[in-house]
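Participant: Input structure: final.txt, which contains compact mmCIF, C-alpha atoms and all ligand atoms.
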```
# COMPACT_ATOMS: atom_id res chain seq x y z
CA MET A 1 -11.32 -17.48 -45.85
CA LEU A 2 -9.42 -20.36 -44.25
CA ALA A 3 -11.25 -23.64 -44.31
CA ALA A 4 -11.83 -25.53 -41.12
CA PRO A 5 -9.74 -28.68 -40.80
CA ASP A 6 -11.24 -31.77 -42.44
CA SER A 7 -11.85 -33.35 -39.07
CA HIS A 8 -14.56 -30.71 -38.56
CA PRO A 9 -16.96 -30.88 -41.56
CA PRO A 10 -19.23 -27.81 -41.92
CA THR A 11 -22.57 -28.05 -40.16
CA GLY A 12 -24.10 -25.24 -42.23
CA ALA A 13 -24.62 -23.31 -38.98
CA THR A 14 -22.14 -20.46 -39.70
CA PRO A 15 -23.37 -17.46 -37.68
CA ALA A 16 -24.08 -14.20 -39.55
CA LEU A 17 -22.31 -11.79 -37.21
CA ARG A 18 -21.99 -8.03 -37.70
CA ASN A 19 -20.36 -7.62 -34.34
CA ARG A 20 -17.17 -9.56 -33.95
CA PRO A 21 -15.27 -8.32 -30.86
CA ARG A 22 -12.30 -10.37 -31.99
CA ARG A 23 -11.61 -7.88 -34.84
CA ASN A 24 -10.27 -5.46 -32.23
CA ARG A 25 -7.93 -8.16 -30.95
CA ARG A 26 -6.49 -9.18 -34.33
CA LEU A 27 -3.14 -7.32 -34.34
CA PRO A 28 -0.96 -5.87 -31.58
CA ALA A 29 -1.54 -2.28 -32.75
CA LEU A 30 -5.31 -2.81 -32.81
CA ARG A 31 -5.18 -4.34 -29.35
CA ALA A 32 -3.25 -1.28 -28.20
CA PHE A 33 -6.05 0.99 -29.53
CA ALA A 34 -8.59 -0.94 -27.49
CA ARG A 35 -6.52 -1.09 -24.30
CA GLU A 36 -8.29 0.62 -21.40
CA ALA A 37 -5.86 0.42 -18.48
CA GLU A 38 -2.13 1.08 -18.54
CA LEU A 39 0.58 0.28 -16.08
CA SER A 40 3.54 2.59 -15.65
CA PRO A 41 6.22 2.98 -12.97
CA SER A 42 4.96 6.50 -12.25
CA ARG A 43 1.84 4.89 -10.73
CA LEU A 44 3.75 2.66 -8.32
CA VAL A 45 4.94 3.26 -4.77
CA LEU A 46 7.60 1.03 -3.19
CA PRO A 47 7.06 0.06 0.48
CA LEU A 48 10.36 -0.38 2.35
CA PHE A 49 11.20 -1.92 5.72
CA ILE A 50 13.90 -0.26 7.77
CA HIS A 51 15.72 -1.13 10.98
CA GLU A 52 18.60 0.12 13.12
CA ARG A 53 21.03 -2.64 12.26
CA GLY A 54 24.00 -2.23 9.96
CA ASP A 55 23.05 -5.13 7.68
CA ASP A 56 20.10 -5.93 5.43
CA VAL A 57 18.08 -8.90 6.69
CA PRO A 58 15.96 -10.70 4.07
CA ILE A 59 12.31 -11.42 4.90
CA ALA A 60 11.66 -15.12 4.30
CA SER A 61 7.99 -14.86 3.30
CA MET A 62 8.60 -11.83 1.03
CA PRO A 63 11.31 -12.81 -1.46
CA GLY A 64 13.27 -9.80 -2.66
CA CYS A 65 12.33 -7.72 0.43
CA ALA A 66 14.55 -7.10 3.43
CA ARG A 67 14.71 -5.06 6.57
CA LEU A 68 17.15 -2.45 5.34
CA SER A 69 20.04 -0.80 7.13
CA PRO A 70 20.40 2.99 6.77
CA GLU A 71 22.94 2.32 3.98
CA GLY A 72 20.71 -0.30 2.38
CA LEU A 73 17.82 2.15 2.34
CA LEU A 74 19.79 4.72 0.37
CA ARG A 75 21.00 2.07 -2.07
CA GLU A 76 17.48 0.69 -2.56
CA VAL A 77 15.98 4.13 -3.16
CA GLU A 78 18.72 5.08 -5.60
CA GLY A 79 17.99 1.92 -7.56
CA ALA A 80 14.25 2.55 -7.49
CA LEU A 81 14.63 6.13 -8.71
CA GLY A 82 16.79 4.89 -11.57
CA GLU A 83 13.97 2.56 -12.60
CA GLY A 84 11.33 5.29 -12.57
CA ILE A 85 9.85 4.70 -9.11
CA GLY A 86 9.58 8.17 -7.58
CA SER A 87 7.99 7.39 -4.26
CA VAL A 88 8.53 5.14 -1.24
CA VAL A 89 6.62 4.43 1.96
CA LEU A 90 8.61 3.60 5.10
CA PHE A 91 7.83 0.94 7.71
CA PRO A 92 10.13 0.65 10.73
CA ALA A 93 11.03 -2.58 12.50
CA VAL A 94 11.50 -1.25 16.02
CA GLU A 95 13.69 -2.93 18.64
CA ASP A 96 11.74 -4.66 21.41
CA GLY A 97 13.40 -2.39 23.98
CA LEU A 98 11.74 0.66 22.38
CA LYS A 99 8.24 -0.82 22.33
CA THR A 100 6.01 0.41 25.12
CA LEU A 101 2.36 0.42 26.14
CA ASP A 102 2.06 4.07 25.10
CA GLY A 103 4.01 3.73 21.84
CA ALA A 104 5.95 6.90 22.75
CA GLU A 105 8.82 6.10 20.37
CA ALA A 106 6.42 6.86 17.49
CA THR A 107 6.62 10.55 18.41
CA ASN A 108 10.41 10.73 18.83
CA ASP A 109 11.91 13.37 16.50
CA GLU A 110 15.18 11.41 16.62
CA GLY A 111 13.55 8.04 15.99
CA LEU A 112 14.39 5.71 13.12
CA VAL A 113 11.72 7.05 10.77
CA PRO A 114 12.49 10.79 11.15
CA ARG A 115 16.22 10.10 10.78
CA SER A 116 15.59 8.01 7.67
CA ILE A 117 13.38 10.72 6.15
CA ARG A 118 16.07 13.34 6.69
CA ALA A 119 18.71 11.11 5.11
CA LEU A 120 16.51 10.42 2.08
CA LYS A 121 15.42 14.02 1.56
CA ALA A 122 19.01 15.28 1.87
CA ARG A 123 20.21 12.86 -0.79
CA PHE A 124 17.25 12.65 -3.21
CA GLY A 125 15.51 16.00 -3.57
CA GLU A 126 12.73 14.85 -5.91
CA LEU A 127 11.85 11.67 -4.03
CA VAL A 128 8.36 11.57 -2.50
CA VAL A 129 8.60 10.15 1.00
CA ILE A 130 5.41 8.69 2.44
CA THR A 131 5.21 7.63 6.08
CA ASP A 132 2.91 5.30 7.96
CA VAL A 133 0.97 6.80 10.85
CA ALA A 134 -0.02 4.07 13.32
CA LEU A 135 1.32 2.77 16.60
CA ASP A 136 1.71 -0.96 15.90
CA PRO A 137 5.49 -1.00 15.27
CA TYR A 138 6.00 0.90 18.55
CA SER A 139 3.36 -0.72 20.72
CA SER A 140 4.24 -3.59 23.05
CA ASP A 141 0.65 -4.73 22.43
CA GLY A 142 1.13 -4.77 18.66
CA HIS A 143 -2.01 -2.70 18.14
CA ASP A 144 -2.40 0.41 15.99
CA GLY A 145 -3.90 2.26 18.94
CA LEU A 146 -3.51 2.55 22.71
CA VAL A 147 -4.92 -0.41 24.60
CA ALA A 148 -6.92 0.12 27.81
CA PRO A 149 -6.44 -2.30 30.73
CA ASP A 150 -9.70 -4.00 29.76
CA GLY A 151 -8.44 -4.57 26.20
CA ARG A 152 -10.40 -1.85 24.41
CA ILE A 153 -8.56 0.22 21.82
CA LEU A 154 -8.86 3.85 22.92
CA ASN A 155 -9.85 6.10 20.03
CA ASP A 156 -9.45 9.73 21.03
CA GLU A 157 -6.37 9.17 23.19
CA THR A 158 -4.76 7.36 20.25
CA VAL A 159 -5.55 10.20 17.84
CA GLU A 160 -3.57 12.54 20.13
CA VAL A 161 -0.48 10.34 19.80
CA LEU A 162 -0.98 9.89 16.05
CA CYS A 163 -0.98 13.68 15.64
CA ARG A 164 2.35 13.89 17.44
CA GLN A 165 3.70 11.01 15.33
CA ALA A 166 2.63 12.77 12.10
CA LEU A 167 4.26 15.99 13.33
CA ALA A 168 7.59 14.23 13.96
CA GLN A 169 7.42 12.87 10.42
CA ALA A 170 6.46 16.21 8.88
CA ARG A 171 9.22 18.07 10.74
CA ALA A 172 11.72 15.56 9.35
CA GLY A 173 10.52 16.30 5.82
CA ALA A 174 7.85 13.70 5.01
CA ASP A 175 5.91 14.70 1.89
CA VAL A 176 2.87 12.56 2.59
CA VAL A 177 1.69 11.10 5.88
CA ALA A 178 -0.49 8.02 5.60
CA PRO A 179 -2.60 7.10 8.63
CA SER A 180 -3.19 3.34 8.51
CA ASP A 181 -4.60 3.02 12.02
CA MET A 182 -8.35 3.33 11.27
CA MET A 183 -9.14 5.43 14.36
CA ASP A 184 -12.17 7.69 13.93
CA GLY A 185 -11.44 11.35 13.29
CA ARG A 186 -7.70 10.99 12.82
CA VAL A 187 -7.54 12.59 9.37
CA GLY A 188 -9.10 15.85 10.51
CA ALA A 189 -7.07 15.92 13.72
CA ILE A 190 -3.81 15.28 11.86
CA ARG A 191 -4.70 17.96 9.28
CA ASP A 192 -5.28 20.50 12.04
CA ALA A 193 -2.10 19.53 13.90
CA LEU A 194 -0.02 19.79 10.72
CA ASP A 195 -1.50 23.13 9.76
CA ALA A 196 -1.10 24.58 13.26
CA GLU A 197 2.62 23.92 12.98
CA GLY A 198 2.88 25.32 9.45
CA HIS A 199 3.05 22.01 7.57
CA THR A 200 0.29 23.05 5.18
CA GLU A 201 2.06 21.43 2.22
CA VAL A 202 2.26 17.99 3.75
CA SER A 203 -0.37 15.72 2.17
CA ILE A 204 -2.53 13.14 3.87
CA LEU A 205 -3.02 9.80 2.16
CA SER A 206 -5.73 8.18 4.24
CA TYR A 207 -6.15 4.44 4.55
CA THR A 208 -9.87 5.01 4.05
CA ALA A 209 -11.01 1.43 3.67
CA LYS A 210 -8.52 -0.76 5.48
CA TYR A 211 -9.87 -4.20 6.13
CA ALA A 212 -9.23 -6.58 9.02
CA SER A 213 -7.49 -8.87 6.57
CA ALA A 214 -5.57 -12.10 6.95
CA PHE A 215 -3.40 -11.02 4.01
CA TYR A 216 -1.16 -8.89 6.27
CA GLY A 217 0.54 -11.98 7.76
CA PRO A 218 3.99 -11.66 6.14
CA PHE A 219 4.14 -7.91 6.92
CA ARG A 220 3.50 -8.50 10.60
CA GLU A 221 6.22 -11.14 10.57
CA ALA A 222 8.57 -8.70 8.82
CA LEU A 223 8.04 -6.05 11.48
CA ASP A 224 7.39 -8.42 14.35
CA SER A 225 4.22 -6.38 14.89
CA ALA A 226 1.44 -8.95 15.22
CA PRO A 227 -1.12 -8.00 17.90
CA LYS A 228 -0.38 -9.77 21.19
CA GLY A 229 -4.00 -10.12 22.17
CA GLY A 230 -7.19 -9.98 20.10
CA GLY A 231 -7.59 -9.08 16.46
CA LYS A 232 -7.93 -5.66 14.87
CA GLN A 233 -11.66 -6.05 14.11
CA THR A 234 -12.76 -3.21 16.39
CA TYR A 235 -10.98 -0.69 14.19
CA GLN A 236 -10.20 -2.27 10.81
CA MET A 237 -13.19 -2.94 8.54
CA ASP A 238 -15.14 -6.17 8.18
CA PRO A 239 -14.19 -7.88 4.88
CA ALA A 240 -17.92 -8.36 4.25
CA ASN A 241 -18.57 -4.64 3.90
CA ALA A 242 -18.51 -2.26 0.95
CA ARG A 243 -21.16 0.34 1.87
CA GLU A 244 -19.19 1.06 5.01
CA ALA A 245 -16.27 2.11 2.78
CA GLU A 246 -18.48 4.88 1.38
CA ARG A 247 -19.12 6.13 4.88
CA GLU A 248 -15.40 6.18 5.67
CA LEU A 249 -14.79 7.95 2.36
CA ALA A 250 -17.30 10.70 3.13
CA LEU A 251 -15.63 11.29 6.50
CA ASP A 252 -12.09 11.34 5.10
CA VAL A 253 -13.04 13.77 2.36
CA ALA A 254 -14.80 16.04 4.85
CA GLU A 255 -11.77 15.88 7.16
CA GLY A 256 -9.39 16.99 4.43
CA ALA A 257 -7.75 13.86 3.02
CA ASP A 258 -5.78 14.52 -0.17
CA MET A 259 -5.82 10.92 -1.36
CA VAL A 260 -7.75 7.88 -0.25
CA MET A 261 -6.70 4.25 -0.12
CA VAL A 262 -8.14 0.76 -0.21
CA LYS A 263 -6.23 -2.09 1.39
CA PRO A 264 -5.71 -4.93 0.51
CA ALA A 265 -6.12 -4.45 -3.24
CA GLY A 266 -6.69 -7.69 -5.18
CA PRO A 267 -9.47 -9.15 -3.00
CA TYR A 268 -11.16 -5.70 -2.80
CA LEU A 269 -11.32 -4.57 -6.43
CA ASP A 270 -15.02 -3.78 -6.01
CA VAL A 271 -14.20 -1.35 -3.21
CA ILE A 272 -11.53 0.35 -5.34
CA ARG A 273 -14.15 0.78 -8.08
CA LEU A 274 -16.67 2.12 -5.57
CA LEU A 275 -14.28 4.79 -4.26
CA ARG A 276 -13.24 5.67 -7.81
CA GLU A 277 -16.90 6.35 -8.65
CA ARG A 278 -17.63 8.30 -5.47
CA THR A 279 -14.71 10.74 -5.32
CA ASP A 280 -12.59 12.89 -7.60
CA LEU A 281 -9.58 12.52 -5.28
CA PRO A 282 -6.76 10.22 -6.35
CA VAL A 283 -7.47 6.66 -5.24
CA ALA A 284 -4.60 4.46 -4.07
CA ALA A 285 -4.62 0.72 -3.47
CA TYR A 286 -2.19 -1.33 -1.41
CA GLN A 287 -1.25 -4.72 -2.81
CA VAL A 288 -0.28 -6.16 0.55
CA SER A 289 2.34 -8.62 1.74
CA GLY A 290 0.06 -11.66 1.49
CA GLU A 291 -0.86 -10.90 -2.12
CA TYR A 292 2.85 -10.63 -2.91
CA ALA A 293 3.76 -13.79 -0.97
CA MET A 294 1.05 -15.87 -2.70
CA LEU A 295 2.34 -15.15 -6.18
CA HIS A 296 5.92 -15.81 -5.14
CA ALA A 297 5.00 -19.08 -3.41
CA ALA A 298 3.14 -20.37 -6.45
CA ALA A 299 5.89 -19.23 -8.81
CA GLU A 300 8.55 -20.93 -6.68
CA ARG A 301 6.71 -24.21 -7.15
CA GLY A 302 6.49 -23.62 -10.88
CA TRP A 303 2.70 -23.36 -10.66
CA LEU A 304 2.44 -19.78 -11.93
CA ASP A 305 4.63 -17.48 -13.97
CA LEU A 306 5.71 -14.66 -11.65
CA ARG A 307 6.17 -11.92 -14.22
CA SER A 308 2.88 -12.35 -16.05
CA THR A 309 0.76 -12.93 -12.94
CA ALA A 310 2.34 -10.00 -11.07
CA LEU A 311 1.79 -7.63 -13.99
CA GLU A 312 -1.75 -8.94 -14.48
CA SER A 313 -2.56 -8.40 -10.80
CA LEU A 314 -1.28 -4.81 -10.98
CA LEU A 315 -3.11 -4.08 -14.22
CA SER A 316 -6.34 -5.39 -12.67
CA ILE A 317 -5.94 -2.99 -9.75
CA ARG A 318 -5.49 -0.14 -12.25
CA ARG A 319 -8.51 -1.32 -14.26
CA ALA A 320 -10.62 -1.33 -11.10
CA GLY A 321 -9.85 2.38 -10.76
CA ALA A 322 -6.71 2.84 -8.68
CA ASP A 323 -4.53 5.79 -9.72
CA VAL A 324 -1.66 4.70 -7.48
CA ILE A 325 -0.56 1.25 -6.31
CA LEU A 326 1.61 0.52 -3.30
CA THR A 327 3.31 -2.76 -4.16
CA TYR A 328 6.38 -4.77 -3.22
CA PHE A 329 6.63 -5.57 -6.94
CA ALA A 330 7.25 -1.89 -7.78
CA ARG A 331 10.92 -2.16 -8.80
CA GLN A 332 10.57 -5.49 -10.54
CA ALA A 333 7.44 -4.31 -12.37
CA ALA A 334 9.27 -1.20 -13.54
CA ARG A 335 12.06 -3.38 -14.92
CA TRP A 336 9.60 -5.73 -16.61
CA LEU A 337 7.73 -2.80 -18.15
CA ALA A 338 10.96 -1.34 -19.50
CA GLN A 339 11.92 -4.58 -21.32
C1 LIG B 401 -0.23 -1.34 10.28
C2 LIG B 401 -0.01 -1.73 8.86
C3 LIG B 401 -0.18 -3.04 8.39
C4 LIG B 401 0.17 -3.01 7.04
C5 LIG B 401 0.53 -1.71 6.70
N1 LIG B 401 0.39 -0.91 7.86
C6 LIG B 401 -0.53 -4.28 9.10
C7 LIG B 401 -1.69 -4.31 9.98
O1 LIG B 401 -2.62 -3.51 9.88
O2 LIG B 401 -1.70 -5.20 10.83
C8 LIG B 401 0.14 -4.22 6.16
C9 LIG B 401 0.85 -4.14 4.86
C10 LIG B 401 1.08 -5.44 4.22
O3 LIG B 401 0.57 -6.51 4.64
O4 LIG B 401 1.80 -5.45 3.21
N2 LIG B 401 -0.42 -0.03 10.57
```
Now that the file is in, can you turn its structure into structure tokens?
Ligand code: PBG
Facilitator:
Amino acid sequence: MLAAPDSHPPTGATPALRNRPRRNRRLPALRAFAREAELSPSRLVLPLFIHERGDDVPIASMPGCARLSPEGLLREVEGALGEGIGSVVLFPAVEDGLKTLDGAEATNDEGLVPRSIRALKARFGELVVITDVALDPYSSDGHDGLVAPDGRILNDETVEVLCRQALAQARAGADVVAPSDMMDGRVGAIRDALDAEGHTEVSILSYTAKYASAFYGPFREALDSAPKGGGKQTYQMDPANAREAERELALDVAEGADMVMVKPAGPYLDVIRLLRERTDLPVAAYQVSGEYAMLHAAAERGWLDLRSTALESLLSIRRAGADVILTYFARQAARWLAQ
């Protein structure tokens, strides 16, 4: 046994320990035996911003992310596939001229998202294309649903439009539609609409527990989609609540969701764990723009190491129980993991 340095004379109080957890941490191979959660590119989904313009425009608060041109999108996806990322989720930045009170552009079969899906599916057969179902990029009010003159967000009327939006995406070849709007009953309605048109193989990834979070700030800046009036608290969940996530889960499962999601991820690890324990469906978690921006901001100042904190944040989301993670770090994480 190694002696303690002379500056620390023995006190005679050496503990008699049978259990020494440190034995399992002694060597890298032993630590690998004891490792519970693993991170691999196959678990990551890359969110991408798209727009109509011919150039890629970087997003200041999200280093490494840009609003991509149609060309840029293909290039980005090709790169991601090469790094082992097999799935992307698309978010459109829509021109102001196309934003209306009724968000009609969301249902346009020739809109930016359907055209982008067709281009991706034509070029990359194996790629899984996930689309966002919600009206905020298309709404002149910046809300995920239709806004009544008195400011209320109309539920059932919105669900009608969301169904037509999901159909436009499915017709274009979307593999998975992901309603992020938090209207009641939208999962079942979208399932029925898809099936009625023969899209029985299109999956639904439901944003089951989406919180009214302040961590979406950089995303709303990226898409210029911040709500013009009022917050999203009448449809997105109160950050104080976890039991309510169980209620949303029960509804989504009953309505036919194929996968369920928690968003944001890092501040809601307990909710990820809760869903993991309550369902056998795959559980996804969305590490949102604010979580990404925080790590970058601290790393830029030299206060944190980007690589190790990003990988630790992703591993923690896996440990909490997420099968799949939507993260802007997806490509970089895949490269780090391959090193
Ligand atoms: C809106 C939507 C939002 C995000 C994904 N879909 C923003 C919002 O609800 O206001 C946020 C993603 C992020 O912050 O990275 N349907």
Participant: Taking 4 positions as the minimum chain separation for residues in the same chain, which residues sit within 10 Å of Ser206 of chain A when counting all atoms listed in the file? Answer as an MDAnalysis selection string.
Facilitator: chainID A and resid 132:133 176:182 186:187 210 248:249 252:253 256:262 283:284
Participant: Which one of A:Ala226, A:Ala209, A:Ala32, A:Ala265 sits closest to ligand LIG 401 (chain B) if you count all atoms listed in the file?
Facilitator: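 Closest candidate: A:Ala226.
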Participant: Between A:Pro47, A:Gly84, A:Pro70, A:Gly54, which one has atoms that come closest to ligand LIG 401 (chain B), using all atoms listed in the file?
Facilitator: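 Smallest distance to ligand LIG 401 (chain B) is found for A:Pro47.
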Participant: Identify which of the residues A:Leu27, A:Ile325, A:Leu73, A:Ile59 lies closest to Leu112 of chain A, counting only C-alpha atoms when measuring atom-to-atom distances.
Facilitator: A:Leu73
Participant: So how far away is atom CA of Val288 of chain A from atom C9 of ligand LIG 401 (chain B), in Å?
Facilitator: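 It comes out at 4.9 Å.
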Participant: Once you count all atoms listed in the file, which residues end up within 9 Å of ligand LIG 401 (chain B), and could you hand them over as an MDAnalysis selection string?
Facilitator: chainID A and resid 47 91 132:137 142:144 179:182 210:220 225:227 232 236 263:264 286:292 326:328
Participant: Those residues you just picked out, can you put them in a file as a CSV table (one decimal), in the coordinates of the input with C-alpha atoms?
Facilitator:
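Saved to result19.csv:
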```csv
chain,number,residue,atom,x,y,z
A,47,PRO,CA,7.1,0.1,0.5
A,91,PHE,CA,7.8,0.9,7.7
A,132,ASP,CA,2.9,5.3,8.0
A,133,VAL,CA,1.0,6.8,10.8
A,134,ALA,CA,0.0,4.1,13.3
A,135,LEU,CA,1.3,2.8,16.6
A,136,ASP,CA,1.7,-1.0,15.9
A,137,PRO,CA,5.5,-1.0,15.3
A,142,GLY,CA,1.1,-4.8,18.7
A,143,HIS,CA,-2.0,-2.7,18.1
A,144,ASP,CA,-2.4,0.4,16.0
A,179,PRO,CA,-2.6,7.1,8.6
A,180,SER,CA,-3.2,3.3,8.5
A,181,ASP,CA,-4.6,3.0,12.0
A,182,MET,CA,-8.4,3.3,11.3
A,210,LYS,CA,-8.5,-0.8,5.5
A,211,TYR,CA,-9.9,-4.2,6.1
A,212,ALA,CA,-9.2,-6.6,9.0
A,213,SER,CA,-7.5,-8.9,6.6
A,214,ALA,CA,-5.6,-12.1,7.0
A,215,PHE,CA,-3.4,-11.0,4.0
A,216,TYR,CA,-1.2,-8.9,6.3
A,217,GLY,CA,0.5,-12.0,7.8
A,218,PRO,CA,4.0,-11.7,6.1
A,219,PHE,CA,4.1,-7.9,6.9
A,220,ARG,CA,3.5,-8.5,10.6
A,225,SER,CA,4.2,-6.4,14.9
A,226,ALA,CA,1.4,-9.0,15.2
A,227,PRO,CA,-1.1,-8.0,17.9
A,232,LYS,CA,-7.9,-5.7,14.9
A,236,GLN,CA,-10.2,-2.3,10.8
A,263,LYS,CA,-6.2,-2.1,1.4
A,264,PRO,CA,-5.7,-4.9,0.5
A,286,TYR,CA,-2.2,-1.3,-1.4
A,287,GLN,CA,-1.2,-4.7,-2.8
A,288,VAL,CA,-0.3,-6.2,0.6
A,289,SER,CA,2.3,-8.6,1.7
A,290,GLY,CA,0.1,-11.7,1.5
A,291,GLU,CA,-0.9,-10.9,-2.1
A,292,TYR,CA,2.8,-10.6,-2.9
A,326,LEU,CA,1.6,0.5,-3.3
A,327,THR,CA,3.3,-2.8,-4.2
A,328,TYR,CA,6.4,-4.8,-3.2
```
Participant: Considering only C-alpha atoms, tabulate each residue of segment 16-125 of chain A that lies at most 12 Å from segment 297-318 of chain A along with its nearest interatomic pair and the corresponding distance in Å to one decimal; arrange the rows by chain and ascending residue number and present them as CSV.
Facilitator:
```
residue,atom,partner,partner_atom,distance
A:Arg35,CA,A:Leu315,CA,11.1
A:Glu36,CA,A:Arg318,CA,9.6
A:Ala37,CA,A:Arg318,CA,6.3
A:Glu38,CA,A:Leu315,CA,6.8
A:Leu39,CA,A:Leu315,CA,6.0
A:Ser40,CA,A:Leu315,CA,9.5
A:Pro41,CA,A:Leu314,CA,11.0
A:Arg43,CA,A:Arg318,CA,9.0
A:Leu44,CA,A:Leu314,CA,9.4
A:Val45,CA,A:Leu314,CA,11.9
A:Ala60,CA,A:Ala297,CA,10.9
A:Ser61,CA,A:Ala297,CA,8.5
A:Met62,CA,A:Ala297,CA,9.2
A:Pro63,CA,A:Ala297,CA,9.1
```
Participant: For Gly111 of chain A, which residue among A:Tyr207, A:Tyr138, A:Tyr235, A:Phe124 is the nearest when counting only C-alpha atoms?
Facilitator: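 Ranked by minimum distance to Gly111 of chain A, first place goes to A:Tyr138.
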Participant: Show me, as a VMD selection string, the residues that have an atom within 12 Å of Ser42 of chain A when counting only C-alpha atoms, minus same-chain residues fewer than 3 positions from it.
Facilitator: chain A and resid 38 to 39 45 to 46 80 to 88 127 to 128 323 to 326 330 to 331 333 to 334 337
Participant: Supply segment 66-80 of chain A as an mmCIF file, in the coordinates of the input, with N, CA and C atoms built in where the input has gaps.
Facilitator:
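Here's the written file selection.cif:
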```
data_model
loop_
_atom_site.group_PDB
_atom_site.id
_atom_site.type_symbol
_atom_site.label_atom_id
_atom_site.label_comp_id
_atom_site.auth_asym_id
_atom_site.auth_seq_id
_atom_site.Cartn_x
_atom_site.Cartn_y
_atom_site.Cartn_z
ATOM 1 N N ALA A 66 13.689 -6.950 2.257
ATOM 2 C CA ALA A 66 14.550 -7.100 3.430
ATOM 3 C C ALA A 66 14.277 -5.957 4.389
ATOM 4 N N ARG A 67 14.619 -6.186 5.643
ATOM 5 C CA ARG A 67 14.710 -5.060 6.570
ATOM 6 C C ARG A 67 16.031 -4.378 6.242
ATOM 7 N N LEU A 68 15.961 -3.121 5.866
ATOM 8 C CA LEU A 68 17.150 -2.450 5.340
ATOM 9 C C LEU A 68 17.877 -1.656 6.410
ATOM 10 N N SER A 69 19.198 -1.668 6.313
ATOM 11 C CA SER A 69 20.040 -0.800 7.130
ATOM 12 C C SER A 69 19.930 0.617 6.574
ATOM 13 N N PRO A 70 20.418 1.626 7.311
ATOM 14 C CA PRO A 70 20.400 2.990 6.770
ATOM 15 C C PRO A 70 21.098 3.085 5.404
ATOM 16 N N GLU A 71 22.229 2.379 5.278
ATOM 17 C CA GLU A 71 22.940 2.320 3.980
ATOM 18 C C GLU A 71 22.092 1.645 2.921
ATOM 19 N N GLY A 72 21.525 0.494 3.313
ATOM 20 C CA GLY A 72 20.710 -0.300 2.380
ATOM 21 C C GLY A 72 19.530 0.505 1.872
ATOM 22 N N LEU A 73 18.962 1.323 2.737
ATOM 23 C CA LEU A 73 17.820 2.150 2.340
ATOM 24 C C LEU A 73 18.218 3.113 1.217
ATOM 25 N N LEU A 74 19.349 3.767 1.388
ATOM 26 C CA LEU A 74 19.790 4.720 0.370
ATOM 27 C C LEU A 74 20.064 4.002 -0.961
ATOM 28 N N ARG A 75 20.684 2.844 -0.853
ATOM 29 C CA ARG A 75 21.000 2.070 -2.070
ATOM 30 C C ARG A 75 19.699 1.649 -2.777
ATOM 31 N N GLU A 76 18.753 1.158 -1.995
ATOM 32 C CA GLU A 76 17.480 0.690 -2.560
ATOM 33 C C GLU A 76 16.732 1.836 -3.254
ATOM 34 N N VAL A 77 16.724 2.999 -2.604
ATOM 35 C CA VAL A 77 15.980 4.130 -3.160
ATOM 36 C C VAL A 77 16.672 4.648 -4.427
ATOM 37 N N GLU A 78 18.002 4.654 -4.403
ATOM 38 C CA GLU A 78 18.720 5.080 -5.600
ATOM 39 C C GLU A 78 18.375 4.174 -6.778
ATOM 40 N N GLY A 79 18.347 2.878 -6.514
ATOM 41 C CA GLY A 79 17.990 1.920 -7.560
ATOM 42 C C GLY A 79 16.567 2.140 -8.058
ATOM 43 N N ALA A 80 15.658 2.357 -7.122
ATOM 44 C CA ALA A 80 14.250 2.550 -7.490
ATOM 45 C C ALA A 80 14.076 3.799 -8.353
#
```
